[in-house]
Amino acid sequence: MEIHKVLITGITGFVGSHLADYVIENFSKVQIFGLVRWRSPVNNVKHILNKITLLSGDLLDLPSLKSILSEYKPDVIFHLAAQSYVPVSFSSPIATLNTNVIGTCNLLEAVKDLKLTSNYDPTIHICSSSEVYGQVKEDELPIDEETPLRPASPYGVSKVGEDMLGYQYWLSWGIKTLRTRMFTHTGPKRGDVFVVSNFAKQIAAIEAECQSPVIKVGNLESLRTFFDVRDAVHAYWLLVNRCTPGEVYNIGGVETMTIKEMLDLLLEMSTFKNIVVQTDPDKLRPSDVTLQIPSTEKFHRETRWKPKIKFSKTLEDTLNFWRNHFAREAQ
């Protein structure tokens, strides 16, 4: 597939900004457009603002989406924008559902209308989540694409809706959607509300003497397979070039450990050796997902993709990202 123009919704976010970096580094002739709301912070893309085009719009404003797609007609749309923090979805379920489900529906409606009126027919990556599977049973591991969907949070429910909309628009209108269910991924620039980044930030704050030597944690017994966001965006590029429209694919890593084991690895990297770990009730979810081990055989068969970055490198880079943050603040 020859790609000249891509649109990334959520380009100023964690994965969106890494995807933009990947395309710039590897495909210099591809034009990159990013959908942004007027108040979107651009910290994650400020180093590439001269290489991308930011377009003002909103997933909840259908006319803005139609206008952008009609004018720029990207060959591929990477739909990454979302309310992506699970705990927030418990306190703000309506906002989560509006952004993730209605927002996705608006995007697909805009494409559908342009396809019917002007034969515009892009490939659309619908970014679902491993959270759609919810709490699986041990005898269902590893999780493949046929595992029942039992979402355990409003966020998980919203991603089921997004996922199924992608399938329905392929089935009903022939919109070329590709759905991914991404498992736990992290790396530099990850928001500090997410577990790896949160722990790394706390450790960096302790080293910088900005926090007492106590790390606040939630459930440490959750078992997950981790991998690096930079491997994830490479997978997304392969997805739109090699995979089959209408299908859904698990994407995930190969290094499995509990949250506690991950924290222990980070603590070993710290220059401060007497950090106390303390459970914070505010970090415990009303219902949790504690087994997230994927089968990625289907995606591997079609793309030959495998993660290349060791998770120890991911942890080190994330910790250094936050060390640099506190060093800049101290200047």
# chains A, B, ... in the order shown; residues from 1 in each chain; ligands from 1

$ residues_around --residues "Leu315 (chain A)" --least-positions-apart "5" --cutoff "8 Å" --atoms "only C-alpha atoms" --output "list in words"
Gly187, Val196, Ala200 and Leu266 of chain A

$ residues_around --residues "region 163-176 of chain A" --least-positions-apart "5" --cutoff "8 Å" --atoms "only C-alpha atoms" --output "list in words"
Thr104, Cys105, Leu108, Val111, Lys112, Asp121, Pro122, Thr123, Ile124, Ile126, Cys127, Ser128, Pro245, Gly246 and Glu247 of chain A

$ closest_residue --among "A:Ile215, A:Ala327, A:Cys210, A:Val86" --to "Pro151 (chain A)" --atoms "only C-alpha atoms"
A:Val86

$ residues_around --residues "Thr184 (chain A)" --least-positions-apart "6" --cutoff "7 Å" --atoms "only C-alpha atoms" --output "PyMOL selection string"
chain A and resi 224-227+252

$ write_last_selection --atoms "C-alpha atoms" --output "PDB file, in the first residue's frame"
ATOM      1  CA  ARG A 224       0.637  -8.225  32.808  1.00  0.00           C
ATOM      2  CA  THR A 225       2.704  -8.538  29.666  1.00  0.00           C
ATOM      3  CA  PHE A 226       4.622  -5.313  29.078  1.00  0.00           C
ATOM      4  CA  PHE A 227       6.274  -3.802  26.002  1.00  0.00           C
ATOM      5  CA  GLY A 252       1.347  -7.099  22.962  1.00  0.00           C
TER       6      GLY A 252
END

$ residues_around --residues "Phe90 (chain A)" --least-positions-apart "6" --cutoff "8 Å" --atoms "only C-alpha atoms" --output "VMD selection string"
chain A and resid 153 to 155

$ residues_around --residues "region 65-78 of chain A" --least-positions-apart "6" --cutoff "7 Å" --atoms "only C-alpha atoms" --output "CSV table (one decimal) with C-alpha atoms, in the first residue's frame"
chain,number,residue,atom,x,y,z
A,3,ILE,CA,0.8,6.0,1.7
A,4,HIS,CA,1.2,9.7,1.0
A,5,LYS,CA,-0.9,11.3,3.8
A,6,VAL,CA,-1.8,10.1,7.3
A,7,LEU,CA,-4.1,11.7,9.8
A,8,ILE,CA,-3.5,10.9,13.5
A,9,THR,CA,-6.2,11.7,16.0
A,57,GLY,CA,-11.3,19.9,15.2
A,59,LEU,CA,-14.4,14.1,17.6
A,107,LEU,CA,-15.3,9.8,12.6
A,110,ALA,CA,-17.8,11.4,8.3
A,122,PRO,CA,-9.2,5.5,3.4
A,123,THR,CA,-7.9,2.8,5.7
A,124,ILE,CA,-8.8,3.4,9.3
A,125,HIS,CA,-7.1,2.0,12.3
A,126,ILE,CA,-9.5,1.8,15.2

$ atom_distance --atom1 "CA of Trp237 (chain A)" --atom2 "CA of Ile143 (chain A)"
22.8 Å

$ residues_around --residues "Leu220 (chain A)" --least-positions-apart "3" --cutoff "9 Å" --atoms "only C-alpha atoms" --output "VMD selection string"
chain A and resid 217 223 258 to 261 263 279

$ residues_around --residues "Tyr236 (chain A)" --least-positions-apart "2" --cutoff "12 Å" --atoms "only C-alpha atoms" --output "JSON, numbers by chain"
{"A": [8, 15, 16, 18, 19, 20, 22, 23, 76, 77, 78, 79, 80, 124, 125, 126, 127, 178, 179, 180, 181, 182, 229, 230, 231, 232, 233, 234, 238, 239, 240, 241, 242, 243, 249, 250, 251, 252, 299, 303, 305]}

$ write_last_selection --atoms "C-alpha atoms" --output "PDB file, in the first residue's frame"
ATOM      1  CA  ILE A   8      -3.457  10.891  13.507  1.00  0.00           C
ATOM      2  CA  VAL A  15       1.114   6.971  21.431  1.00  0.00           C
ATOM      3  CA  GLY A  16       0.127   9.541  18.796  1.00  0.00           C
ATOM      4  CA  HIS A  18       5.482   8.434  19.182  1.00  0.00           C
ATOM      5  CA  LEU A  19       3.722   7.368  15.973  1.00  0.00           C
ATOM      6  CA  ALA A  20       4.442  10.767  14.419  1.00  0.00           C
ATOM      7  CA  TYR A  22       8.226   6.938  13.836  1.00  0.00           C
ATOM      8  CA  VAL A  23       6.744   8.085  10.517  1.00  0.00           C
ATOM      9  CA  VAL A  76      -4.715   6.334   6.384  1.00  0.00           C
ATOM     10  CA  ILE A  77      -6.392   7.477   9.592  1.00  0.00           C
ATOM     11  CA  PHE A  78      -4.840   6.330  12.850  1.00  0.00           C
ATOM     12  CA  HIS A  79      -7.660   6.859  15.340  1.00  0.00           C
ATOM     13  CA  LEU A  80      -5.825   7.041  18.664  1.00  0.00           C
ATOM     14  CA  ILE A 124      -8.832   3.432   9.318  1.00  0.00           C
ATOM     15  CA  HIS A 125      -7.053   2.020  12.328  1.00  0.00           C
ATOM     16  CA  ILE A 126      -9.484   1.751  15.241  1.00  0.00           C
ATOM     17  CA  CYS A 127      -7.460   1.577  18.453  1.00  0.00           C
ATOM     18  CA  LEU A 178      -8.585  -2.449  11.141  1.00  0.00           C
ATOM     19  CA  ARG A 179      -9.078  -2.956  14.878  1.00  0.00           C
ATOM     20  CA  THR A 180      -6.315  -3.516  17.426  1.00  0.00           C
ATOM     21  CA  ARG A 181      -6.545  -4.627  21.032  1.00  0.00           C
ATOM     22  CA  MET A 182      -3.316  -3.304  22.486  1.00  0.00           C
ATOM     23  CA  VAL A 229       5.493   2.121  22.870  1.00  0.00           C
ATOM     24  CA  ARG A 230       8.166   2.428  20.170  1.00  0.00           C
ATOM     25  CA  ASP A 231       7.556  -1.195  19.242  1.00  0.00           C
ATOM     26  CA  ALA A 232       3.807  -0.511  19.392  1.00  0.00           C
ATOM     27  CA  VAL A 233       3.865   2.260  16.774  1.00  0.00           C
ATOM     28  CA  HIS A 234       5.979   0.106  14.465  1.00  0.00           C
ATOM     29  CA  LEU A 238       2.697  -2.708   9.707  1.00  0.00           C
ATOM     30  CA  LEU A 239      -0.999  -3.116  10.529  1.00  0.00           C
ATOM     31  CA  VAL A 240      -2.217  -0.621   7.928  1.00  0.00           C
ATOM     32  CA  ASN A 241       0.176  -1.959   5.295  1.00  0.00           C
ATOM     33  CA  ARG A 242      -0.198  -5.719   5.709  1.00  0.00           C
ATOM     34  CA  CYS A 243      -3.365  -6.643   7.584  1.00  0.00           C
ATOM     35  CA  TYR A 249      -5.698  -8.095  16.142  1.00  0.00           C
ATOM     36  CA  ASN A 250      -4.143  -8.444  19.573  1.00  0.00           C
ATOM     37  CA  ILE A 251      -0.824  -6.609  19.894  1.00  0.00           C
ATOM     38  CA  GLY A 252       1.347  -7.099  22.962  1.00  0.00           C
ATOM     39  CA  PHE A 299      -0.884 -10.420  14.100  1.00  0.00           C
ATOM     40  CA  THR A 303       3.102  -8.998   9.693  1.00  0.00           C
ATOM     41  CA  TRP A 305       6.178  -8.327  13.872  1.00  0.00           C
TER      42      TRP A 305
END

$ select_by_dssp --residues "region 113-192 of chain A" --states "helix (DSSP H, G or I)" --output "PDB file with N, CA and C atoms, in the first residue's frame"
ATOM      1  N   ASP A 113     -19.978   9.185   4.796  1.00  0.00           N
ATOM      2  CA  ASP A 113     -20.634  10.188   3.960  1.00  0.00           C
ATOM      3  C   ASP A 113     -19.755  10.590   2.780  1.00  0.00           C
ATOM      4  N   LEU A 114     -18.453  10.743   3.025  1.00  0.00           N
ATOM      5  CA  LEU A 114     -17.545  11.128   1.937  1.00  0.00           C
ATOM      6  C   LEU A 114     -17.334   9.971   0.959  1.00  0.00           C
ATOM      7  N   LYS A 115     -17.374   8.752   1.468  1.00  0.00           N
ATOM      8  CA  LYS A 115     -17.259   7.604   0.567  1.00  0.00           C
ATOM      9  C   LYS A 115     -18.462   7.532  -0.370  1.00  0.00           C
ATOM     10  N   LEU A 116     -19.650   7.796   0.166  1.00  0.00           N
ATOM     11  CA  LEU A 116     -20.867   7.719  -0.649  1.00  0.00           C
ATOM     12  C   LEU A 116     -20.968   8.871  -1.641  1.00  0.00           C
ATOM     13  N   THR A 117     -20.409  10.036  -1.297  1.00  0.00           N
ATOM     14  CA  THR A 117     -20.564  11.218  -2.157  1.00  0.00           C
ATOM     15  C   THR A 117     -19.372  11.490  -3.064  1.00  0.00           C
ATOM     16  N   SER A 118     -18.164  11.033  -2.642  1.00  0.00           N
ATOM     17  CA  SER A 118     -16.979  11.374  -3.436  1.00  0.00           C
ATOM     18  C   SER A 118     -15.992  10.229  -3.589  1.00  0.00           C
ATOM     19  N   SER A 130      -6.947  -3.996  25.230  1.00  0.00           N
ATOM     20  CA  SER A 130      -7.060  -5.286  25.921  1.00  0.00           C
ATOM     21  C   SER A 130      -8.069  -5.232  27.057  1.00  0.00           C
ATOM     22  N   GLU A 131      -8.436  -4.016  27.486  1.00  0.00           N
ATOM     23  CA  GLU A 131      -9.423  -3.883  28.563  1.00  0.00           C
ATOM     24  C   GLU A 131     -10.800  -4.412  28.160  1.00  0.00           C
ATOM     25  N   VAL A 132     -11.036  -4.623  26.880  1.00  0.00           N
ATOM     26  CA  VAL A 132     -12.328  -5.174  26.451  1.00  0.00           C
ATOM     27  C   VAL A 132     -12.513  -6.597  26.984  1.00  0.00           C
ATOM     28  N   TYR A 133     -11.410  -7.309  27.250  1.00  0.00           N
ATOM     29  CA  TYR A 133     -11.509  -8.688  27.714  1.00  0.00           C
ATOM     30  C   TYR A 133     -11.849  -8.769  29.201  1.00  0.00           C
ATOM     31  N   GLU A 138      -8.074 -18.221  34.277  1.00  0.00           N
ATOM     32  CA  GLU A 138      -6.722 -18.741  34.050  1.00  0.00           C
ATOM     33  C   GLU A 138      -6.679 -19.731  32.895  1.00  0.00           C
ATOM     34  N   ASP A 139      -7.756 -20.525  32.735  1.00  0.00           N
ATOM     35  CA  ASP A 139      -7.737 -21.512  31.652  1.00  0.00           C
ATOM     36  C   ASP A 139      -8.002 -20.886  30.282  1.00  0.00           C
ATOM     37  N   GLU A 140      -8.217 -19.568  30.242  1.00  0.00           N
ATOM     38  CA  GLU A 140      -8.400 -18.867  28.963  1.00  0.00           C
ATOM     39  C   GLU A 140      -7.110 -18.199  28.477  1.00  0.00           C
ATOM     40  N   PRO A 154     -15.994   1.264  32.891  1.00  0.00           N
ATOM     41  CA  PRO A 154     -16.631   2.046  31.828  1.00  0.00           C
ATOM     42  C   PRO A 154     -15.686   2.273  30.644  1.00  0.00           C
ATOM     43  N   TYR A 155     -14.393   2.409  30.920  1.00  0.00           N
ATOM     44  CA  TYR A 155     -13.430   2.527  29.819  1.00  0.00           C
ATOM     45  C   TYR A 155     -13.465   1.275  28.949  1.00  0.00           C
ATOM     46  N   GLY A 156     -13.437   0.099  29.584  1.00  0.00           N
ATOM     47  CA  GLY A 156     -13.502  -1.144  28.826  1.00  0.00           C
ATOM     48  C   GLY A 156     -14.771  -1.233  28.006  1.00  0.00           C
ATOM     49  N   VAL A 157     -15.901  -0.823  28.583  1.00  0.00           N
ATOM     50  CA  VAL A 157     -17.177  -0.811  27.853  1.00  0.00           C
ATOM     51  C   VAL A 157     -17.082   0.121  26.647  1.00  0.00           C
ATOM     52  N   SER A 158     -16.471   1.296  26.849  1.00  0.00           N
ATOM     53  CA  SER A 158     -16.358   2.255  25.743  1.00  0.00           C
ATOM     54  C   SER A 158     -15.508   1.694  24.617  1.00  0.00           C
ATOM     55  N   LYS A 159     -14.487   0.922  24.967  1.00  0.00           N
ATOM     56  CA  LYS A 159     -13.626   0.350  23.933  1.00  0.00           C
ATOM     57  C   LYS A 159     -14.305  -0.817  23.210  1.00  0.00           C
ATOM     58  N   VAL A 160     -15.195  -1.537  23.918  1.00  0.00           N
ATOM     59  CA  VAL A 160     -16.018  -2.538  23.213  1.00  0.00           C
ATOM     60  C   VAL A 160     -16.881  -1.839  22.173  1.00  0.00           C
ATOM     61  N   GLY A 161     -17.510  -0.705  22.564  1.00  0.00           N
ATOM     62  CA  GLY A 161     -18.336   0.038  21.626  1.00  0.00           C
ATOM     63  C   GLY A 161     -17.546   0.529  20.428  1.00  0.00           C
ATOM     64  N   GLU A 162     -16.367   1.067  20.682  1.00  0.00           N
ATOM     65  CA  GLU A 162     -15.504   1.554  19.606  1.00  0.00           C
ATOM     66  C   GLU A 162     -15.102   0.413  18.672  1.00  0.00           C
ATOM     67  N   ASP A 163     -14.703  -0.690  19.270  1.00  0.00           N
ATOM     68  CA  ASP A 163     -14.287  -1.889  18.551  1.00  0.00           C
ATOM     69  C   ASP A 163     -15.413  -2.384  17.639  1.00  0.00           C
ATOM     70  N   MET A 164     -16.600  -2.531  18.202  1.00  0.00           N
ATOM     71  CA  MET A 164     -17.724  -3.058  17.442  1.00  0.00           C
ATOM     72  C   MET A 164     -18.224  -2.087  16.368  1.00  0.00           C
ATOM     73  N   LEU A 165     -18.111  -0.784  16.633  1.00  0.00           N
ATOM     74  CA  LEU A 165     -18.443   0.193  15.582  1.00  0.00           C
ATOM     75  C   LEU A 165     -17.525   0.018  14.391  1.00  0.00           C
ATOM     76  N   GLY A 166     -16.233  -0.187  14.660  1.00  0.00           N
ATOM     77  CA  GLY A 166     -15.299  -0.421  13.563  1.00  0.00           C
ATOM     78  C   GLY A 166     -15.704  -1.622  12.724  1.00  0.00           C
ATOM     79  N   TYR A 167     -16.106  -2.696  13.403  1.00  0.00           N
ATOM     80  CA  TYR A 167     -16.544  -3.883  12.678  1.00  0.00           C
ATOM     81  C   TYR A 167     -17.834  -3.613  11.904  1.00  0.00           C
ATOM     82  N   GLN A 168     -18.776  -2.936  12.551  1.00  0.00           N
ATOM     83  CA  GLN A 168     -20.080  -2.711  11.922  1.00  0.00           C
ATOM     84  C   GLN A 168     -19.973  -1.842  10.668  1.00  0.00           C
ATOM     85  N   TYR A 169     -19.115  -0.806  10.714  1.00  0.00           N
ATOM     86  CA  TYR A 169     -18.974   0.052   9.540  1.00  0.00           C
ATOM     87  C   TYR A 169     -18.258  -0.672   8.401  1.00  0.00           C
ATOM     88  N   TRP A 170     -17.425  -1.646   8.709  1.00  0.00           N
ATOM     89  CA  TRP A 170     -16.848  -2.498   7.678  1.00  0.00           C
ATOM     90  C   TRP A 170     -17.935  -3.397   7.095  1.00  0.00           C
ATOM     91  N   LEU A 171     -18.725  -4.002   7.967  1.00  0.00           N
ATOM     92  CA  LEU A 171     -19.756  -4.943   7.529  1.00  0.00           C
ATOM     93  C   LEU A 171     -20.846  -4.251   6.719  1.00  0.00           C
ATOM     94  N   SER A 172     -21.293  -3.086   7.176  1.00  0.00           N
ATOM     95  CA  SER A 172     -22.439  -2.416   6.559  1.00  0.00           C
ATOM     96  C   SER A 172     -22.071  -1.532   5.379  1.00  0.00           C
ATOM     97  N   TRP A 173     -20.909  -0.878   5.462  1.00  0.00           N
ATOM     98  CA  TRP A 173     -20.572   0.152   4.470  1.00  0.00           C
ATOM     99  C   TRP A 173     -19.262  -0.110   3.743  1.00  0.00           C
TER     100      TRP A 173
END
